[in-house]
Each structure stands twice: as structure tokens, then as C-alpha cells.
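Student: Pasting target-v2.pdb below, which is PDB, C-alpha atoms, pLDDT in the B column.
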```pdb
MODEL        1
ATOM      1  CA  MET K 289     -12.601   2.558  19.543  1.00 94.00           C
ATOM      2  CA  ASP K 290      -9.820   0.169  18.551  1.00 96.00           C
ATOM      3  CA  ILE K 291      -9.446  -0.620  14.862  1.00 97.00           C
ATOM      4  CA  LEU K 292      -7.203  -3.285  13.381  1.00 95.00           C
ATOM      5  CA  CYS K 293      -6.062  -2.892   9.750  1.00 95.00           C
ATOM      6  CA  VAL K 294      -5.070  -6.200   8.205  1.00 93.00           C
ATOM      7  CA  CYS K 295      -3.018  -6.941   5.089  1.00 87.00           C
ATOM      8  CA  GLY K 296      -1.034  -9.878   3.828  1.00 84.00           C
ATOM      9  CA  ASN K 297       2.223  -8.900   5.441  1.00 81.00           C
ATOM     10  CA  GLY K 298       1.332  -6.202   7.914  1.00 79.00           C
ATOM     11  CA  ILE K 299       3.741  -3.602   6.589  1.00 81.00           C
ATOM     12  CA  GLY K 300       2.360  -2.261   3.324  1.00 85.00           C
ATOM     13  CA  THR K 301      -1.290  -1.888   2.517  1.00 88.00           C
ATOM     14  CA  SER K 302      -2.365  -2.012   6.162  1.00 89.00           C
ATOM     15  CA  VAL K 303      -0.036   0.887   6.952  1.00 89.00           C
ATOM     16  CA  LEU K 304      -1.510   2.968   4.124  1.00 91.00           C
ATOM     17  CA  LEU K 305      -4.991   2.074   5.319  1.00 94.00           C
ATOM     18  CA  LYS K 306      -4.094   3.038   8.897  1.00 94.00           C
ATOM     19  CA  VAL K 307      -2.942   6.474   7.723  1.00 93.00           C
ATOM     20  CA  ASN K 308      -6.224   7.102   5.908  1.00 95.00           C
ATOM     21  CA  VAL K 309      -8.422   5.641   8.671  1.00 96.00           C
ATOM     22  CA  GLU K 310      -6.785   7.903  11.238  1.00 95.00           C
ATOM     23  CA  GLN K 311      -7.356  10.916   9.054  1.00 94.00           C
ATOM     24  CA  VAL K 312     -11.001  10.097   8.315  1.00 96.00           C
ATOM     25  CA  ALA K 313     -11.648   9.349  11.996  1.00 96.00           C
ATOM     26  CA  SER K 314     -10.259  12.715  13.015  1.00 95.00           C
ATOM     27  CA  GLU K 315     -12.473  14.404  10.409  1.00 95.00           C
ATOM     28  CA  LEU K 316     -15.443  12.594  11.926  1.00 95.00           C
ATOM     29  CA  GLY K 317     -14.344  13.524  15.433  1.00 95.00           C
ATOM     30  CA  MET K 318     -13.957   9.864  16.379  1.00 96.00           C
ATOM     31  CA  ASP K 319     -11.418   8.789  18.962  1.00 95.00           C
ATOM     32  CA  VAL K 320      -9.676   5.762  17.479  1.00 96.00           C
ATOM     33  CA  THR K 321      -6.567   3.720  18.054  1.00 97.00           C
ATOM     34  CA  VAL K 322      -5.452   2.030  14.846  1.00 96.00           C
ATOM     35  CA  THR K 323      -3.011  -0.864  14.730  1.00 93.00           C
ATOM     36  CA  THR K 324      -1.807  -2.990  11.821  1.00 92.00           C
ATOM     37  CA  SER K 325      -1.289  -6.693  11.450  1.00 91.00           C
ATOM     38  CA  ASP K 326      -0.619  -9.414   8.923  1.00 89.00           C
ATOM     39  CA  ALA K 327      -3.445 -11.783   8.072  1.00 87.00           C
ATOM     40  CA  GLY K 328      -1.803 -14.722   9.840  1.00 85.00           C
ATOM     41  CA  SER K 329      -1.622 -13.155  13.283  1.00 88.00           C
ATOM     42  CA  ALA K 330      -4.768 -11.053  12.862  1.00 89.00           C
ATOM     43  CA  LYS K 331      -7.038 -13.881  13.983  1.00 86.00           C
ATOM     44  CA  GLY K 332      -5.447 -13.795  17.405  1.00 86.00           C
ATOM     45  CA  THR K 333      -5.522 -10.032  17.833  1.00 90.00           C
ATOM     46  CA  ALA K 334      -8.834  -9.281  16.078  1.00 92.00           C
ATOM     47  CA  ASN K 335     -10.884 -10.013  19.183  1.00 92.00           C
ATOM     48  CA  MET K 336      -9.064  -7.312  21.136  1.00 93.00           C
ATOM     49  CA  ASN K 337     -10.390  -4.719  18.704  1.00 96.00           C
ATOM     50  CA  ASP K 338     -13.815  -3.210  18.014  1.00 96.00           C
ATOM     51  CA  LEU K 339     -13.507  -3.306  14.243  1.00 96.00           C
ATOM     52  CA  VAL K 340     -11.325  -5.015  11.645  1.00 96.00           C
ATOM     53  CA  LEU K 341     -10.671  -3.470   8.229  1.00 96.00           C
ATOM     54  CA  THR K 342      -9.129  -5.399   5.354  1.00 95.00           C
ATOM     55  CA  SER K 343      -9.337  -5.988   1.608  1.00 93.00           C
ATOM     56  CA  PRO K 344     -12.008  -8.243   0.073  1.00 92.00           C
ATOM     57  CA  GLN K 345      -9.347 -10.795  -0.942  1.00 89.00           C
ATOM     58  CA  LEU K 346      -8.127 -11.232   2.636  1.00 90.00           C
ATOM     59  CA  ALA K 347     -11.471 -11.202   4.456  1.00 92.00           C
ATOM     60  CA  PRO K 348     -11.898 -15.006   4.207  1.00 91.00           C
ATOM     61  CA  GLU K 349      -8.716 -15.404   6.294  1.00 88.00           C
ATOM     62  CA  LEU K 350     -10.511 -13.733   9.189  1.00 90.00           C
ATOM     63  CA  GLU K 351     -13.548 -15.967   9.205  1.00 87.00           C
ATOM     64  CA  GLY K 352     -14.603 -17.007  12.677  1.00 87.00           C
ATOM     65  CA  THR K 353     -13.573 -13.834  14.468  1.00 90.00           C
ATOM     66  CA  THR K 354     -16.288 -12.304  16.639  1.00 92.00           C
ATOM     67  CA  THR K 355     -15.198  -8.727  15.850  1.00 95.00           C
ATOM     68  CA  PRO K 356     -16.987  -7.141  12.874  1.00 95.00           C
ATOM     69  CA  VAL K 357     -14.891  -7.329   9.701  1.00 96.00           C
ATOM     70  CA  GLU K 358     -15.433  -4.688   7.027  1.00 96.00           C
ATOM     71  CA  THR K 359     -13.741  -4.719   3.632  1.00 96.00           C
ATOM     72  CA  VAL K 360     -12.321  -1.730   1.801  1.00 96.00           C
ATOM     73  CA  GLN K 361     -12.194  -1.830  -1.991  1.00 95.00           C
ATOM     74  CA  ASN K 362     -10.315   1.401  -2.616  1.00 96.00           C
ATOM     75  CA  PHE K 363      -7.825   2.192   0.144  1.00 94.00           C
ATOM     76  CA  MET K 364      -7.339   5.681  -1.283  1.00 95.00           C
ATOM     77  CA  ASP K 365     -11.035   6.581  -1.231  1.00 96.00           C
ATOM     78  CA  LYS K 366     -11.689   8.471   1.970  1.00 95.00           C
ATOM     79  CA  ASP K 367     -15.433   8.500   1.282  1.00 96.00           C
ATOM     80  CA  GLU K 368     -15.537   4.703   1.258  1.00 97.00           C
ATOM     81  CA  ILE K 369     -13.627   4.590   4.554  1.00 97.00           C
ATOM     82  CA  LYS K 370     -15.872   7.316   5.955  1.00 97.00           C
ATOM     83  CA  GLY K 371     -18.977   5.316   5.036  1.00 97.00           C
ATOM     84  CA  ILE K 372     -17.690   2.365   7.044  1.00 97.00           C
ATOM     85  CA  LEU K 373     -16.564   4.353  10.085  1.00 97.00           C
ATOM     86  CA  GLU K 374     -19.857   6.257  10.260  1.00 96.00           C
ATOM     87  CA  GLN K 375     -21.677   2.981  10.846  1.00 95.00           C
ATOM     88  CA  TYR K 376     -19.584   2.472  13.965  1.00 93.00           C
ATOM     89  CA  ALA K 377     -19.571   6.048  15.272  1.00 85.00           C
ATOM     90  CA  ASP K 378     -21.536   6.517  18.482  1.00 69.00           C
TER      91      ASP K 378
ATOM     92  CA  MET W 212       9.885  16.890   6.867  1.00 57.00           C
ATOM     93  CA  THR W 213      10.029  13.522   5.238  1.00 72.00           C
ATOM     94  CA  ASP W 214      13.319  12.631   3.618  1.00 83.00           C
ATOM     95  CA  PHE W 215      11.985  11.553   0.221  1.00 90.00           C
ATOM     96  CA  GLN W 216      15.472  11.530  -1.238  1.00 92.00           C
ATOM     97  CA  ALA W 217      16.405   8.738   1.177  1.00 93.00           C
ATOM     98  CA  PHE W 218      13.274   6.616   0.661  1.00 94.00           C
ATOM     99  CA  LEU W 219      12.769   7.418  -3.032  1.00 96.00           C
ATOM    100  CA  PRO W 220      16.154   8.202  -4.618  1.00 97.00           C
ATOM    101  CA  ASP W 221      16.483   8.720  -8.391  1.00 98.00           C
ATOM    102  CA  THR W 222      17.490   5.069  -8.840  1.00 98.00           C
ATOM    103  CA  SER W 223      14.068   4.020  -7.489  1.00 98.00           C
ATOM    104  CA  PHE W 224      12.207   5.445 -10.469  1.00 98.00           C
ATOM    105  CA  ALA W 225      11.151   4.020 -13.817  1.00 98.00           C
ATOM    106  CA  LEU W 226       8.725   6.329 -15.566  1.00 98.00           C
ATOM    107  CA  ASP W 227       6.594   5.216 -18.492  1.00 97.00           C
ATOM    108  CA  VAL W 228       8.154   1.806 -19.011  1.00 98.00           C
ATOM    109  CA  PRO W 229       6.369  -1.137 -20.640  1.00 98.00           C
ATOM    110  CA  ALA W 230       5.486  -4.359 -18.811  1.00 98.00           C
ATOM    111  CA  THR W 231       4.215  -7.543 -20.444  1.00 98.00           C
ATOM    112  CA  ASP W 232       2.057  -8.662 -17.485  1.00 98.00           C
ATOM    113  CA  TRP W 233       1.668  -8.227 -13.718  1.00 98.00           C
ATOM    114  CA  ARG W 234       4.685 -10.386 -12.922  1.00 98.00           C
ATOM    115  CA  ASP W 235       6.823  -8.264 -15.211  1.00 98.00           C
ATOM    116  CA  ALA W 236       5.437  -5.107 -13.625  1.00 98.00           C
ATOM    117  CA  ILE W 237       6.357  -6.331 -10.124  1.00 98.00           C
ATOM    118  CA  ARG W 238       9.754  -7.417 -11.431  1.00 98.00           C
ATOM    119  CA  LYS W 239      10.384  -3.878 -12.671  1.00 98.00           C
ATOM    120  CA  ALA W 240       9.456  -2.491  -9.242  1.00 98.00           C
ATOM    121  CA  GLY W 241      11.783  -5.066  -7.651  1.00 98.00           C
ATOM    122  CA  ASP W 242      14.644  -4.166  -9.998  1.00 98.00           C
ATOM    123  CA  ARG W 243      14.388  -0.544  -8.867  1.00 98.00           C
ATOM    124  CA  LEU W 244      14.474  -1.593  -5.191  1.00 98.00           C
ATOM    125  CA  VAL W 245      17.636  -3.562  -5.972  1.00 98.00           C
ATOM    126  CA  ALA W 246      19.138  -0.621  -7.876  1.00 98.00           C
ATOM    127  CA  SER W 247      18.580   1.605  -4.837  1.00 98.00           C
ATOM    128  CA  GLY W 248      20.128  -0.924  -2.468  1.00 98.00           C
ATOM    129  CA  PHE W 249      16.904  -1.599  -0.546  1.00 97.00           C
ATOM    130  CA  ALA W 250      16.593  -5.278  -1.411  1.00 98.00           C
ATOM    131  CA  THR W 251      18.144  -8.256  -3.166  1.00 98.00           C
ATOM    132  CA  ASP W 252      16.733 -10.060  -6.204  1.00 98.00           C
ATOM    133  CA  ALA W 253      15.221 -12.651  -3.859  1.00 98.00           C
ATOM    134  CA  TYR W 254      12.833  -9.976  -2.582  1.00 97.00           C
ATOM    135  CA  THR W 255      11.447  -9.483  -6.094  1.00 98.00           C
ATOM    136  CA  ASP W 256      10.551 -13.186  -6.181  1.00 98.00           C
ATOM    137  CA  GLN W 257       8.958 -12.870  -2.732  1.00 96.00           C
ATOM    138  CA  MET W 258       6.790  -9.971  -3.907  1.00 96.00           C
ATOM    139  CA  ILE W 259       5.529 -12.095  -6.811  1.00 97.00           C
ATOM    140  CA  GLU W 260       4.934 -15.034  -4.452  1.00 96.00           C
ATOM    141  CA  THR W 261       2.849 -12.794  -2.192  1.00 93.00           C
ATOM    142  CA  VAL W 262       0.389 -12.210  -5.043  1.00 94.00           C
ATOM    143  CA  GLU W 263       0.471 -15.859  -6.105  1.00 95.00           C
ATOM    144  CA  LYS W 264      -0.381 -16.955  -2.548  1.00 91.00           C
ATOM    145  CA  MET W 265      -2.745 -14.242  -1.376  1.00 88.00           C
ATOM    146  CA  GLY W 266      -4.236 -12.898  -4.575  1.00 89.00           C
ATOM    147  CA  PRO W 267      -4.117  -9.433  -6.109  1.00 93.00           C
ATOM    148  CA  TYR W 268      -5.007  -7.651  -2.863  1.00 91.00           C
ATOM    149  CA  ILE W 269      -1.958  -5.409  -3.381  1.00 94.00           C
ATOM    150  CA  VAL W 270      -3.997  -3.507  -5.980  1.00 95.00           C
ATOM    151  CA  ILE W 271      -5.361  -1.229  -3.299  1.00 94.00           C
ATOM    152  CA  ALA W 272      -6.901   1.508  -5.405  1.00 94.00           C
ATOM    153  CA  PRO W 273      -7.890   1.978  -9.045  1.00 95.00           C
ATOM    154  CA  GLY W 274      -4.694   1.775 -11.101  1.00 96.00           C
ATOM    155  CA  LEU W 275      -2.398   1.382  -8.090  1.00 96.00           C
ATOM    156  CA  ALA W 276      -0.480  -1.669  -6.896  1.00 96.00           C
ATOM    157  CA  LEU W 277       1.647  -1.634  -3.756  1.00 95.00           C
ATOM    158  CA  ALA W 278       4.102  -4.431  -4.462  1.00 96.00           C
ATOM    159  CA  HIS W 279       5.724  -5.752  -1.299  1.00 94.00           C
ATOM    160  CA  SER W 280       6.466  -8.776   0.801  1.00 92.00           C
ATOM    161  CA  ARG W 281       7.267  -9.352   4.437  1.00 88.00           C
ATOM    162  CA  PRO W 282      10.452  -8.184   6.174  1.00 89.00           C
ATOM    163  CA  SER W 283      13.153 -10.779   5.476  1.00 91.00           C
ATOM    164  CA  GLU W 284      16.880 -11.198   4.893  1.00 95.00           C
ATOM    165  CA  ALA W 285      16.243 -10.041   1.329  1.00 96.00           C
ATOM    166  CA  VAL W 286      15.392  -6.567   2.662  1.00 96.00           C
ATOM    167  CA  LEU W 287      18.574  -4.532   3.003  1.00 96.00           C
ATOM    168  CA  GLY W 288      16.966  -1.248   3.986  1.00 93.00           C
ATOM    169  CA  THR W 289      13.606   0.456   4.111  1.00 92.00           C
ATOM    170  CA  GLY W 290      12.676   2.173   0.887  1.00 94.00           C
ATOM    171  CA  LEU W 291      10.380   2.384  -2.078  1.00 96.00           C
ATOM    172  CA  SER W 292      10.378   2.256  -5.842  1.00 98.00           C
ATOM    173  CA  TRP W 293       8.071   4.043  -8.236  1.00 98.00           C
ATOM    174  CA  VAL W 294       7.275   2.369 -11.569  1.00 98.00           C
ATOM    175  CA  ARG W 295       4.836   4.051 -13.898  1.00 98.00           C
ATOM    176  CA  LEU W 296       3.749   1.814 -16.766  1.00 98.00           C
ATOM    177  CA  SER W 297       3.422   3.111 -20.321  1.00 97.00           C
ATOM    178  CA  THR W 298       0.518   0.713 -20.832  1.00 96.00           C
ATOM    179  CA  PRO W 299      -1.577  -0.433 -17.847  1.00 98.00           C
ATOM    180  CA  VAL W 300      -1.623  -4.172 -17.055  1.00 98.00           C
ATOM    181  CA  GLU W 301      -4.248  -6.437 -15.443  1.00 98.00           C
ATOM    182  CA  PHE W 302      -3.505  -7.911 -12.023  1.00 97.00           C
ATOM    183  CA  GLY W 303      -6.759  -9.846 -11.749  1.00 96.00           C
ATOM    184  CA  ASN W 304      -8.319  -7.408  -9.293  1.00 95.00           C
ATOM    185  CA  LYS W 305     -11.768  -6.741 -10.730  1.00 92.00           C
ATOM    186  CA  ALA W 306     -12.453  -3.558  -8.813  1.00 94.00           C
ATOM    187  CA  ASN W 307      -9.156  -1.786  -9.342  1.00 96.00           C
ATOM    188  CA  ASP W 308      -7.633  -3.090 -12.604  1.00 97.00           C
ATOM    189  CA  PRO W 309      -5.826  -2.111 -14.764  1.00 98.00           C
ATOM    190  CA  VAL W 310      -2.701  -0.970 -12.940  1.00 98.00           C
ATOM    191  CA  SER W 311      -0.650   1.948 -14.208  1.00 97.00           C
ATOM    192  CA  LEU W 312       1.459   2.693 -11.112  1.00 97.00           C
ATOM    193  CA  VAL W 313       3.401   0.086  -9.164  1.00 98.00           C
ATOM    194  CA  ILE W 314       4.940   1.262  -5.920  1.00 97.00           C
ATOM    195  CA  GLY W 315       7.478  -1.251  -4.623  1.00 97.00           C
ATOM    196  CA  LEU W 316       8.056  -1.342  -0.889  1.00 94.00           C
ATOM    197  CA  ALA W 317      10.872  -2.953   1.041  1.00 94.00           C
ATOM    198  CA  GLY W 318      10.346  -2.578   4.756  1.00 90.00           C
ATOM    199  CA  ARG W 319      12.293  -3.798   7.756  1.00 85.00           C
ATOM    200  CA  ASP W 320       9.322  -3.127  10.016  1.00 80.00           C
ATOM    201  CA  GLU W 321       5.996  -1.291   9.998  1.00 74.00           C
ATOM    202  CA  HIS W 322       7.402   1.922  11.463  1.00 79.00           C
ATOM    203  CA  GLU W 323      10.390   3.161   9.460  1.00 81.00           C
ATOM    204  CA  HIS W 324       8.416   4.045   6.351  1.00 81.00           C
ATOM    205  CA  LEU W 325       5.369   5.465   8.137  1.00 83.00           C
ATOM    206  CA  GLN W 326       6.169   9.083   7.255  1.00 84.00           C
ATOM    207  CA  VAL W 327       6.758   8.475   3.583  1.00 87.00           C
ATOM    208  CA  MET W 328       3.666   6.236   3.436  1.00 88.00           C
ATOM    209  CA  SER W 329       1.648   9.030   5.035  1.00 88.00           C
ATOM    210  CA  ALA W 330       2.837  11.403   2.335  1.00 90.00           C
ATOM    211  CA  ILE W 331       1.950   8.907  -0.387  1.00 92.00           C
ATOM    212  CA  ALA W 332      -1.481   8.300   1.138  1.00 91.00           C
ATOM    213  CA  GLY W 333      -2.007  12.046   1.393  1.00 91.00           C
ATOM    214  CA  ALA W 334      -1.170  12.544  -2.280  1.00 93.00           C
ATOM    215  CA  LEU W 335      -3.095   9.570  -3.652  1.00 93.00           C
ATOM    216  CA  THR W 336      -6.298  10.411  -1.791  1.00 93.00           C
ATOM    217  CA  ASP W 337      -6.126  13.822  -3.461  1.00 94.00           C
ATOM    218  CA  ALA W 338      -7.530  13.665  -7.015  1.00 93.00           C
ATOM    219  CA  LYS W 339      -5.536  16.678  -8.189  1.00 95.00           C
ATOM    220  CA  LYS W 340      -2.225  15.375  -6.864  1.00 96.00           C
ATOM    221  CA  THR W 341      -2.934  11.906  -8.275  1.00 95.00           C
ATOM    222  CA  GLU W 342      -3.397  13.492 -11.687  1.00 95.00           C
ATOM    223  CA  GLN W 343      -0.177  15.483 -11.290  1.00 96.00           C
ATOM    224  CA  LEU W 344       1.709  12.329 -10.298  1.00 96.00           C
ATOM    225  CA  ALA W 345       0.488  10.561 -13.429  1.00 95.00           C
ATOM    226  CA  LYS W 346       2.060  13.310 -15.525  1.00 95.00           C
ATOM    227  CA  ALA W 347       5.202  14.102 -13.527  1.00 96.00           C
ATOM    228  CA  GLY W 348       8.192  13.845 -15.846  1.00 94.00           C
ATOM    229  CA  THR W 349      11.063  13.425 -13.395  1.00 97.00           C
ATOM    230  CA  PRO W 350      11.787  11.909  -9.960  1.00 97.00           C
ATOM    231  CA  ASP W 351      12.214  15.449  -8.623  1.00 97.00           C
ATOM    232  CA  GLU W 352       8.706  16.348  -9.744  1.00 97.00           C
ATOM    233  CA  VAL W 353       7.231  13.236  -8.118  1.00 96.00           C
ATOM    234  CA  ARG W 354       9.015  13.960  -4.835  1.00 96.00           C
ATOM    235  CA  ALA W 355       7.911  17.597  -4.964  1.00 95.00           C
ATOM    236  CA  ILE W 356       4.250  16.590  -5.407  1.00 95.00           C
ATOM    237  CA  LEU W 357       4.481  14.079  -2.539  1.00 93.00           C
ATOM    238  CA  GLY W 358       5.997  16.746  -0.319  1.00 90.00           C
ATOM    239  CA  SER W 359       3.513  19.460  -1.231  1.00 87.00           C
TER     240      SER W 359
ENDMDL
END
```
Starting from the file, give its structure as C-alpha cells.
Tutor:
Amino acid sequence: MDILCVCGNGIGTSVLLKVNVEQVASELGMDVTVTTSDAGSAKGTANMNDLVLTSPQLAPELEGTTTPVETVQNFMDKDEIKGILEQYAD
Amino acid sequence: MTDFQAFLPDTSFALDVPATDWRDAIRKAGDRLVASGFATDAYTDQMIETVEKMGPYIVIAPGLALAHSRPSEAVLGTGLSWVRLSTPVEFGNKANDPVSLVIGLAGRDEHEHLQVMSAIAGALTDAKKTEQLAKAGTPDEVRAILGS
């Protein structure tokens, strides 16, 4: 599945999140492609993905997208990320 | 092997320094980026503006803020700074306040720092390493923990 990690600028927190999402996905045996984006351009690219991950503060920026948006509170908590990914695992 | 010395040189560190509030904490992280030649003073202002505009989303884990802004002319090179506060400060992020470690990031794009960010993510998702990082006394120790 394709996952889009969104942060304010697309180079910091979303990159850290991508690293952890990829690791958790591999632990779960999920085949994922993770890309990163800033909140501004995420609206356009969100629909090309199966899942969008972002922080609670930035979620409102993505309102209106048809792709499911899940928020992550602690980007360094693999269990929290795992809990989200498991919902979308086949 | 990640070149931590290049992305996190000694000049990028401030260990156990005080900060009056979140702006001051970001300013300290910005000063270290400037000292290492990764950014100009304008970038420090941009990092503060990012929080003013988008909220304290940069506090991405309990006690941890990743101060950064977008790639701009104020970014001279890709690198990080590491500011550990002697007294934690509030950023206004209910879930993850207060912040005791501010990592400053100057990035020219989303690729150059991927390796060092992977190492940081690897260390900070590990409770034992996180604890070691909170106690590390020198830049060398911090780099050694990140590389372990």
C-alpha cells in the first residue's frame, strides 16, 4: 500500500515518521511505499495514496481528502504506529 | 556508515543549557546551526515562524522538539543541532510537553539527511538509548549512541 507522511515542511518530522513507518511495516510483513510531503501540497497528492499519516495539529489542513487520514501523537512510539498500520493490513 | 561528524559536529551541541521559553529554546538550536555553518540567522526566525503559523506540531514525541523550517536561501548546508535543556520548557503541545531536547534541522531537501534521521529515529524509539542520550556528557558520547 502507498502511505503519505505529511508535516509542515515536508523535510523534518515527516521524514522521521517515514523511517519509523517503514520499519514497523516491515515488522508486520506489510509491503508499503512511503513518501513524504508538506501540508500545502499534500492535498493534491493524498488521493494517490491509500493512507495519510500526520500529526494532530496538521490534520485539519487535510480536510476534504478522500484518503483516510490517521494522526500520530508520538512519532517515536512504534506501538502507536503499529496500531494504526494493523487496521489497514490485509 | 553515517557520517555523524559531518551532520552533527561539536559546534552543533549545547548540552544542559537553560531556555526561558520555547522561542528561546528554538533560538538556541538555531544558534548552533549557525555556529556549524548550516544556516544563517534568518533560518532561526523561520523556525520560530513555523511554530507560530502551524502550531507546536514539531514536538513529535514526549520531551522532543524537531525545530526546522523549509529549505530556503537561509539554509547553507544540510545538518543538525542538538540542544539539551537544563530545565524543560512548554511548547503548548498537550500530549508531548514539556520539551527537554531540541533537535534543530537545516535541510536542503528531504534526502540528504535521511541516513542521520534514520539513526536518530532508531535511537529515540529505543527506550534504553533515549535514556543514555539524556545523560550523555559530550558530543562524542551522543554520536556514539546514535551510531550504536
Student: Translate the PyMOL selection byres ((chain K and resi 316) around 9) into a concrete residue list for this structure, as a VMD selection string.
Tutor: chain K and resid 311 to 315 317 to 319 370 373 to 374 377
Student: Using only C-alpha atoms for the distances, tell me which of W:Lys264, W:Ile237, W:Gln216, W:Leu296 is nearest to Val353 (chain W).
Tutor: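 Counting only C-alpha atoms, the residue closest to Val353 (chain W) is W:Gln216.
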Student: Report as a ChimeraX atom specification the set of chain W residues whose atoms approach chain K to within 8 Å, with distances computed over only C-alpha atoms.
Tutor: /W:261,265-269,271-273,277,279-281,306-307,316,318,320-321,325,328-329,332-333,335-336
Student: Find, counting all atoms listed in the file, the residue in W:Asp221, W:Asp235, W:Asp308, W:Glu342 that gets nearest to Thr255 (chain W).
Tutor: W:Asp235
Student: Grab the CA of Arg354 (chain W) to CA of Glu323 (chain W) distance for me, in Å with one decimal place.
Tutor: 18.0 Å
Student: Would you please work out which residue, of W:Phe224, W:Trp293, W:Phe249, W:Tyr254, is nearest to Ala276 (chain W) when using only C-alpha atoms?
Tutor: W:Trp293
Student: How many Å lie between CA of Val309 (chain K) and CA of Ala334 (chain W), rounded to one decimal?
Tutor: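 It comes out at 14.8 Å.
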Student: Run the PyMOL selection byres ((chain W and resi 219) around 12) on the file and write out the hits as a short mmCIF file (atom, residue, chain, number, x, y, z; two decimals) with C-alpha atoms, in the coordinates of the input.
Tutor:
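Now in result_5.cif:
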```cif
data_model
loop_
_atom_site.label_atom_id
_atom_site.label_comp_id
_atom_site.auth_asym_id
_atom_site.auth_seq_id
_atom_site.Cartn_x
_atom_site.Cartn_y
_atom_site.Cartn_z
CA THR W 213 10.03 13.52 5.24
CA ASP W 214 13.32 12.63 3.62
CA PHE W 215 11.98 11.55 0.22
CA GLN W 216 15.47 11.53 -1.24
CA ALA W 217 16.40 8.74 1.18
CA PHE W 218 13.27 6.62 0.66
CA PRO W 220 16.15 8.20 -4.62
CA ASP W 221 16.48 8.72 -8.39
CA THR W 222 17.49 5.07 -8.84
CA SER W 223 14.07 4.02 -7.49
CA PHE W 224 12.21 5.44 -10.47
CA ALA W 225 11.15 4.02 -13.82
CA ARG W 243 14.39 -0.54 -8.87
CA LEU W 244 14.47 -1.59 -5.19
CA ALA W 246 19.14 -0.62 -7.88
CA SER W 247 18.58 1.60 -4.84
CA GLY W 248 20.13 -0.92 -2.47
CA PHE W 249 16.90 -1.60 -0.55
CA GLY W 288 16.97 -1.25 3.99
CA THR W 289 13.61 0.46 4.11
CA GLY W 290 12.68 2.17 0.89
CA LEU W 291 10.38 2.38 -2.08
CA SER W 292 10.38 2.26 -5.84
CA TRP W 293 8.07 4.04 -8.24
CA VAL W 294 7.28 2.37 -11.57
CA ILE W 314 4.94 1.26 -5.92
CA GLY W 315 7.48 -1.25 -4.62
CA LEU W 316 8.06 -1.34 -0.89
CA ALA W 317 10.87 -2.95 1.04
CA HIS W 324 8.42 4.04 6.35
CA VAL W 327 6.76 8.48 3.58
CA MET W 328 3.67 6.24 3.44
CA ALA W 330 2.84 11.40 2.34
CA ILE W 331 1.95 8.91 -0.39
CA PRO W 350 11.79 11.91 -9.96
CA ASP W 351 12.21 15.45 -8.62
CA GLU W 352 8.71 16.35 -9.74
CA VAL W 353 7.23 13.24 -8.12
CA ARG W 354 9.02 13.96 -4.84
CA ALA W 355 7.91 17.60 -4.96
CA LEU W 357 4.48 14.08 -2.54
CA GLY W 358 6.00 16.75 -0.32
#
```
Student: By how many Å are CA of Gln326 (chain W) and CA of Leu312 (chain W) apart?
Tutor: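 Separation of CA of Gln326 (chain W) and CA of Leu312 (chain W): 20.0 Å.
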Student: Which is closest to Leu344 (chain W) among W:Ala285, W:Phe302, W:Leu275, W:Glu263, if we use only C-alpha atoms?
Tutor: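 That would be W:Leu275, the residue with the smallest distance to Leu344 (chain W).
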Student: Please extract region 252-256 of chain W and write it out with all heavy atoms, as an mmCIF file, in the first residue's frame.
Tutor:
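Saved to out.cif:
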```
data_model
loop_
_atom_site.group_PDB
_atom_site.id
_atom_site.type_symbol
_atom_site.label_atom_id
_atom_site.label_comp_id
_atom_site.auth_asym_id
_atom_site.auth_seq_id
_atom_site.Cartn_x
_atom_site.Cartn_y
_atom_site.Cartn_z
ATOM 1 N N ASP W 252 21.197 33.363 10.413
ATOM 2 C CA ASP W 252 20.278 33.755 11.488
ATOM 3 C C ASP W 252 18.828 33.809 11.009
ATOM 4 O O ASP W 252 17.898 33.586 11.777
ATOM 5 C CB ASP W 252 20.677 35.129 12.046
ATOM 6 C CG ASP W 252 21.915 35.035 12.934
ATOM 7 O OD1 ASP W 252 22.078 33.997 13.604
ATOM 8 O OD2 ASP W 252 22.712 35.991 12.952
ATOM 9 N N ALA W 253 18.638 34.114 9.733
ATOM 10 C CA ALA W 253 17.275 34.207 9.193
ATOM 11 C C ALA W 253 16.548 32.872 9.351
ATOM 12 O O ALA W 253 15.329 32.826 9.553
ATOM 13 C CB ALA W 253 17.322 34.612 7.718
ATOM 14 N N TYR W 254 17.286 31.776 9.274
ATOM 15 C CA TYR W 254 16.660 30.456 9.401
ATOM 16 C C TYR W 254 16.086 30.249 10.795
ATOM 17 O O TYR W 254 15.032 29.623 10.956
ATOM 18 C CB TYR W 254 17.683 29.358 9.065
ATOM 19 C CG TYR W 254 17.056 27.980 8.964
ATOM 20 C CD1 TYR W 254 16.220 27.659 7.907
ATOM 21 C CD2 TYR W 254 17.288 27.013 9.937
ATOM 22 C CE1 TYR W 254 15.630 26.403 7.811
ATOM 23 C CE2 TYR W 254 16.711 25.754 9.849
ATOM 24 C CZ TYR W 254 15.874 25.458 8.781
ATOM 25 O OH TYR W 254 15.284 24.222 8.696
ATOM 26 N N THR W 255 16.779 30.788 11.805
ATOM 27 C CA THR W 255 16.274 30.691 13.182
ATOM 28 C C THR W 255 14.895 31.347 13.269
ATOM 29 O O THR W 255 13.962 30.789 13.864
ATOM 30 C CB THR W 255 17.256 31.381 14.148
ATOM 31 O OG1 THR W 255 18.543 30.779 13.985
ATOM 32 C CG2 THR W 255 16.806 31.222 15.591
ATOM 33 N N ASP W 256 14.776 32.537 12.668
ATOM 34 C CA ASP W 256 13.473 33.222 12.665
ATOM 35 C C ASP W 256 12.431 32.388 11.930
ATOM 36 O O ASP W 256 11.268 32.322 12.343
ATOM 37 C CB ASP W 256 13.601 34.606 11.998
ATOM 38 C CG ASP W 256 14.516 35.526 12.787
ATOM 39 O OD1 ASP W 256 14.585 35.373 14.026
ATOM 40 O OD2 ASP W 256 15.171 36.391 12.177
#
```
